[in-house]
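For reference, upload.pdb is printed below; it contains PDB, C-alpha atoms and all ligand atoms.
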```
ATOM      1  CA  MET A   1      30.353  34.398 -16.946
ATOM      2  CA  ASN A   2      27.893  37.020 -15.694
ATOM      3  CA  SER A   3      26.341  36.803 -12.262
ATOM      4  CA  ARG A   4      22.931  35.722 -13.563
ATOM      5  CA  VAL A   5      24.404  32.632 -15.203
ATOM      6  CA  LEU A   6      26.351  31.945 -12.032
ATOM      7  CA  THR A   7      23.222  32.205  -9.886
ATOM      8  CA  ILE A   8      21.237  29.898 -12.185
ATOM      9  CA  THR A   9      24.090  27.399 -12.209
ATOM     10  CA  ALA A  10      24.292  27.519  -8.421
ATOM     11  CA  ILE A  11      20.539  26.961  -8.075
ATOM     12  CA  PHE A  12      20.699  24.087 -10.556
ATOM     13  CA  ILE A  13      23.468  22.368  -8.624
ATOM     14  CA  ALA A  14      21.676  22.994  -5.347
ATOM     15  CA  LEU A  15      18.482  21.448  -6.769
ATOM     16  CA  LEU A  16      20.364  18.393  -7.982
ATOM     17  CA  PHE A  17      21.770  18.053  -4.502
ATOM     18  CA  ILE A  18      18.408  18.539  -2.770
ATOM     19  CA  ASN A  19      16.652  16.130  -5.146
ATOM     20  CA  ASN A  20      19.189  13.528  -4.344
ATOM     21  CA  GLN A  21      18.818  13.867  -0.600
ATOM     22  CA  GLY A  22      16.733  11.135   0.911
ATOM     23  CA  ALA A  23      16.349   9.411  -2.442
ATOM     24  CA  LEU A  24      16.910   5.662  -2.383
ATOM     25  CA  ALA A  25      19.421   5.818  -5.213
ATOM     26  CA  GLY A  26      22.938   6.899  -4.357
ATOM     27  CA  PRO A  27      24.665   9.828  -6.095
ATOM     28  CA  ALA A  28      26.382   7.445  -8.502
ATOM     29  CA  ASP A  29      22.992   6.565  -9.992
ATOM     30  CA  TRP A  30      22.200   9.956 -11.469
ATOM     31  CA  LEU A  31      25.793  10.553 -12.489
ATOM     32  CA  SER A  32      26.116   7.426 -14.597
ATOM     33  CA  SER A  33      24.358   7.580 -17.965
ATOM     34  CA  THR A  34      22.928   4.077 -17.635
ATOM     35  CA  PRO A  35      21.460   3.765 -14.150
ATOM     36  CA  LYS A  36      22.007   0.444 -12.454
ATOM     37  CA  LYS A  37      18.964  -1.809 -12.402
ATOM     38  CA  THR A  38      17.785  -2.619  -8.919
ATOM     39  CA  ASP A  39      15.756  -5.640  -7.801
ATOM     40  CA  LYS A  40      12.805  -3.295  -7.488
ATOM     41  CA  ASP A  41      13.043  -2.231 -11.157
ATOM     42  CA  GLU A  42      13.291  -5.842 -12.237
ATOM     43  CA  PHE A  43      10.203  -6.624 -10.192
ATOM     44  CA  SER A  44       8.117  -3.835 -11.673
ATOM     45  CA  GLU A  45       9.232  -4.963 -15.139
ATOM     46  CA  ALA A  46       7.962  -8.456 -14.357
ATOM     47  CA  GLY A  47       4.699  -6.923 -13.114
ATOM     48  CA  ASN A  48       4.305  -5.107 -16.431
ATOM     49  CA  ASP A  49       5.135  -8.238 -18.412
ATOM     50  CA  TYR A  50       2.537 -10.116 -16.389
ATOM     51  CA  ARG A  51      -0.147  -7.472 -16.980
ATOM     52  CA  LEU A  52       0.547  -7.384 -20.722
ATOM     53  CA  ASN A  53       0.994 -11.099 -21.416
ATOM     54  CA  CYS A  54      -0.712 -13.112 -18.725
ATOM     55  CA  THR A  55      -3.718 -11.301 -17.228
ATOM     56  CA  PRO A  56      -6.007 -11.871 -20.264
ATOM     57  CA  CYS A  57      -6.122 -15.526 -19.195
ATOM     58  CA  HIS A  58      -4.784 -15.652 -15.641
ATOM     59  CA  GLY A  59      -6.719 -12.582 -14.449
ATOM     60  CA  GLU A  60      -5.821  -9.116 -13.199
ATOM     61  CA  ASN A  61      -4.651 -10.414  -9.828
ATOM     62  CA  GLY A  62      -3.533 -13.855 -11.017
ATOM     63  CA  ASP A  63      -6.556 -15.766  -9.711
ATOM     64  CA  GLY A  64      -7.156 -17.479 -13.065
ATOM     65  CA  ASN A  65     -10.300 -15.498 -13.979
ATOM     66  CA  GLY A  66      -9.092 -13.555 -17.007
ATOM     67  CA  GLN A  67     -11.426 -12.372 -19.765
ATOM     68  CA  LEU A  68     -10.375 -15.225 -22.065
ATOM     69  CA  ALA A  69     -10.577 -17.863 -19.335
ATOM     70  CA  SER A  70     -14.053 -19.125 -20.221
ATOM     71  CA  SER A  71     -13.139 -19.644 -23.893
ATOM     72  CA  LEU A  72     -10.248 -22.003 -23.088
ATOM     73  CA  SER A  73     -10.449 -25.800 -23.044
ATOM     74  CA  LYS A  74      -8.871 -25.828 -19.583
ATOM     75  CA  PRO A  75      -9.095 -23.112 -16.954
ATOM     76  CA  PRO A  76      -5.892 -21.078 -16.578
ATOM     77  CA  ARG A  77      -3.979 -21.761 -13.393
ATOM     78  CA  ASN A  78      -4.759 -19.785 -10.290
ATOM     79  CA  HIS A  79      -1.351 -18.300  -9.482
ATOM     80  CA  LEU A  80      -2.504 -17.394  -5.978
ATOM     81  CA  ASP A  81      -3.009 -21.067  -5.115
ATOM     82  CA  ALA A  82      -0.019 -21.663  -2.813
ATOM     83  CA  LYS A  83      -0.879 -25.338  -2.379
ATOM     84  CA  TYR A  84      -0.635 -26.033  -6.102
ATOM     85  CA  MET A  85       2.203 -23.598  -6.822
ATOM     86  CA  SER A  86       4.425 -24.968  -4.063
ATOM     87  CA  GLY A  87       4.213 -28.353  -5.807
ATOM     88  CA  ARG A  88       5.824 -26.926  -8.951
ATOM     89  CA  THR A  89       9.550 -26.226  -9.227
ATOM     90  CA  ASP A  90      10.914 -22.937 -10.598
ATOM     91  CA  GLU A  91      12.265 -24.943 -13.546
ATOM     92  CA  GLN A  92       8.775 -26.270 -14.318
ATOM     93  CA  LEU A  93       7.287 -22.777 -14.140
ATOM     94  CA  PHE A  94      10.070 -21.415 -16.347
ATOM     95  CA  LYS A  95       9.539 -24.164 -18.904
ATOM     96  CA  ALA A  96       5.758 -23.702 -18.933
ATOM     97  CA  ILE A  97       6.101 -19.955 -19.574
ATOM     98  CA  SER A  98       8.913 -20.377 -22.070
ATOM     99  CA  GLU A  99       7.799 -23.407 -24.082
ATOM    100  CA  GLY A 100       4.086 -23.502 -23.281
ATOM    101  CA  GLY A 101       1.791 -25.825 -21.348
ATOM    102  CA  ALA A 102       2.306 -28.843 -23.612
ATOM    103  CA  ALA A 103       6.062 -28.862 -22.816
ATOM    104  CA  VAL A 104       5.304 -29.662 -19.161
ATOM    105  CA  GLY A 105       2.412 -32.043 -19.833
ATOM    106  CA  LYS A 106      -0.232 -29.321 -19.400
ATOM    107  CA  ALA A 107      -2.858 -27.849 -21.701
ATOM    108  CA  GLU A 108      -1.721 -26.370 -25.028
ATOM    109  CA  ASP A 109      -3.909 -23.352 -24.273
ATOM    110  CA  MET A 110      -1.008 -22.102 -22.178
ATOM    111  CA  PRO A 111       1.026 -20.552 -25.039
ATOM    112  CA  PRO A 112       4.862 -20.478 -25.312
ATOM    113  CA  HIS A 113       6.463 -17.068 -24.702
ATOM    114  CA  ASN A 114      10.074 -17.745 -25.708
ATOM    115  CA  THR A 115       9.724 -15.776 -28.942
ATOM    116  CA  THR A 116       8.206 -12.700 -27.292
ATOM    117  CA  LEU A 117       9.956 -12.577 -23.900
ATOM    118  CA  SER A 118      13.683 -12.766 -23.099
ATOM    119  CA  LYS A 119      15.146 -15.403 -20.794
ATOM    120  CA  GLY A 120      15.687 -12.725 -18.157
ATOM    121  CA  ALA A 121      12.079 -11.534 -18.445
ATOM    122  CA  ILE A 122      10.805 -15.100 -17.983
ATOM    123  CA  GLN A 123      13.063 -15.560 -14.941
ATOM    124  CA  GLY A 124      11.552 -12.325 -13.612
ATOM    125  CA  LEU A 125       8.064 -13.750 -14.169
ATOM    126  CA  VAL A 126       8.938 -16.899 -12.203
ATOM    127  CA  LYS A 127       9.967 -14.674  -9.281
ATOM    128  CA  TYR A 128       6.773 -12.688  -9.745
ATOM    129  CA  LEU A 129       4.677 -15.881  -9.581
ATOM    130  CA  ARG A 130       6.436 -16.774  -6.310
ATOM    131  CA  HIS A 131       5.412 -13.361  -5.045
ATOM    132  CA  LEU A 132       1.792 -13.877  -6.142
ATOM    133  CA  CYS A 133       1.423 -17.262  -4.443
ATOM    134  CA  ASP A 134       3.614 -16.146  -1.539
ATOM    135  CA  CYS A 135       5.183 -19.595  -1.701
ATOM    136  CA  GLN A 136       8.305 -21.521  -2.702
ATOM    137  CA  TYR A 137       8.683 -25.046  -4.063
ATOM    138  CA  LYS A 138       8.249 -27.597  -1.286
ATOM    139  CA  LYS A 139       9.202 -31.226  -1.782
ATOM    140  CA  LYS A 140       6.273 -33.401  -0.803
TER     141      LYS A 140
HETATM  142  C1  LIG B 201      -4.216 -17.865 -23.796
HETATM  143  C2  LIG B 201      -4.325 -17.970 -22.346
HETATM  144  C3  LIG B 201      -3.066 -17.936 -21.515
HETATM  145  C4  LIG B 201      -2.081 -16.974 -21.488
HETATM  146  C5  LIG B 201      -1.990 -15.716 -22.331
HETATM  147  C6  LIG B 201      -1.149 -17.375 -20.463
HETATM  148  N1  LIG B 201      -1.545 -18.550 -19.895
HETATM  149 FE1  LIG B 201      -0.564 -19.562 -18.423
HETATM  150  N2  LIG B 201      -1.938 -21.057 -18.533
HETATM  151  C7  LIG B 201      -3.066 -21.043 -19.336
HETATM  152  C8  LIG B 201      -3.811 -22.281 -19.116
HETATM  153  C9  LIG B 201      -5.109 -22.657 -19.795
HETATM  154  C10 LIG B 201      -3.088 -23.009 -18.139
HETATM  155  C11 LIG B 201      -3.491 -24.338 -17.505
HETATM  156  C12 LIG B 201      -2.789 -25.483 -18.175
HETATM  157  C13 LIG B 201      -3.121 -26.760 -17.461
HETATM  158  O1  LIG B 201      -3.350 -26.767 -16.249
HETATM  159  O2  LIG B 201      -3.168 -27.785 -18.162
HETATM  160  C14 LIG B 201      -1.925 -22.215 -17.811
HETATM  161  C15 LIG B 201      -0.940 -22.602 -16.921
HETATM  162  C16 LIG B 201       0.114 -21.826 -16.513
HETATM  163  C17 LIG B 201       1.089 -22.210 -15.556
HETATM  164  C18 LIG B 201       1.102 -23.509 -14.774
HETATM  165  C19 LIG B 201       1.990 -24.532 -15.370
HETATM  166  C20 LIG B 201       2.111 -25.653 -14.419
HETATM  167  O3  LIG B 201       3.254 -26.020 -14.118
HETATM  168  O4  LIG B 201       1.078 -26.164 -13.937
HETATM  169  C21 LIG B 201       1.952 -21.175 -15.411
HETATM  170  C22 LIG B 201       3.149 -21.098 -14.493
HETATM  171  C23 LIG B 201       1.510 -20.139 -16.290
HETATM  172  N3  LIG B 201       0.391 -20.564 -16.969
HETATM  173  C24 LIG B 201       2.104 -18.919 -16.395
HETATM  174  C25 LIG B 201       1.744 -17.965 -17.331
HETATM  175  C26 LIG B 201       2.432 -16.718 -17.484
HETATM  176  C27 LIG B 201       3.548 -16.205 -16.594
HETATM  177  C28 LIG B 201       1.857 -16.086 -18.540
HETATM  178  C29 LIG B 201       2.262 -14.764 -19.152
HETATM  179  C30 LIG B 201       3.621 -14.665 -19.617
HETATM  180  C31 LIG B 201       0.794 -16.940 -19.032
HETATM  181  N4  LIG B 201       0.753 -18.070 -18.269
HETATM  182  C32 LIG B 201      -0.029 -16.646 -20.108
HETATM  183  C33 LIG B 201      -3.441 -20.057 -20.222
HETATM  184  C34 LIG B 201      -2.709 -18.928 -20.506
END
```
As structure tokens, please, write out the structure in this file.
Ligand code: HEC
Amino acid sequence: MNSRVLTITAIFIALLFINNQGALAGPADWLSSTPKKTDKDEFSEAGNDYRLNCTPCHGENGDGNGQLASSLSKPPRNHLDAKYMSGRTDEQLFKAISEGGAAVGKAEDMPPHNTTLSKGAIQGLVKYLRHLCDCQYKKK
């Protein structure tokens, strides 16, 4: 090995080390070929799923005012409404997203997503809805 290669290698290793300093992920994360998913990753995935699949009806910020909202027979739910959302269990939310509105006695305009989204993705969306309403299920 000539000295130039050695120098470049040394700089490369040093950069890897510097890049890793102060990063949230531990050294094991960049060493393993499949990085471990963190809660944060799962959350941003759910955010993406929401933007792609839900905002056309439920609105950019989840307030129920999506572009398609006015063409539906029933207005899409306002996911920011903590009063309403805390009256629904996680199971009910999961079922509504998975099997559609009709499956939980709600409007058919809320379409099923179990053919397009995985179980894990739908669970992520339930958590995301809890984040949007900043609420949990409360027994009345
Ligand atoms: C085509 C429009 C449309 C799309 C797309 C849509 N929804 Fe809905 N959604 C509705 C409508 C309309 C309702 C209101 C049904 C009712 O109140 O009878 C609703 C209701 C809901 C409810 C409330 C169910 C309950 O228990 O009251 C949840 C939760 C929900 N949607 C989540 C989602 C999520 C998450 C997505 C994206 C994966 C999504 N929706 C995509 C139209 C839509």
query = Looking at all atoms listed in the file, which of A:Gln67, A:Val104, A:Lys138, A:Ile97 is the one that sits closest to A:Val126?
reply =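 Smallest separation from A:Val126 among the options: A:Ile97.
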request  = May I have the residues within 9 Å of ligand LIG 201 (chain B), computed using all atoms listed in the file, as a ChimeraX atom specification?
outcome  = /A:49-58,64,66,68-69,72-79,84-85,87-90,92-98,100-102,104-113,117,122,125-126,128-129
note = Between atom CA of A:Cys135 and atom CA of A:Lys83 lies a distance of 8.4 Å
Could you put an axis-aligned box around every listed atom of stretch 82-95 of chain A, padded by 6 Å on each side, and send me its centre and edge lengths in Å to one decimal, as JSON?
```
{"center_x": 5.7, "center_y": -24.9, "center_z": -10.6, "size_x": 25.1, "size_y": 18.9, "size_z": 28.5}
```
Counting all atoms listed in the file, the option among A:Asp39, A:Asn65, A:Asp81, A:Ile8 closest to A:Arg130 =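 With all atoms listed in the file as the atom set, the closest residue is A:Asp81.
Note that atom CA of A:Asp134 and atom CA of A:Thr116 are 26.4 Å apart.
Counting from atom CA of A:Tyr137, the distance to atom CA of A:Leu80 is 13.7 Å.
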remark   = Between A:Ser70, A:Ser86, A:Asp41, A:Leu6, smallest distance to A:His131 by all atoms listed in the file belongs to A:Ser86
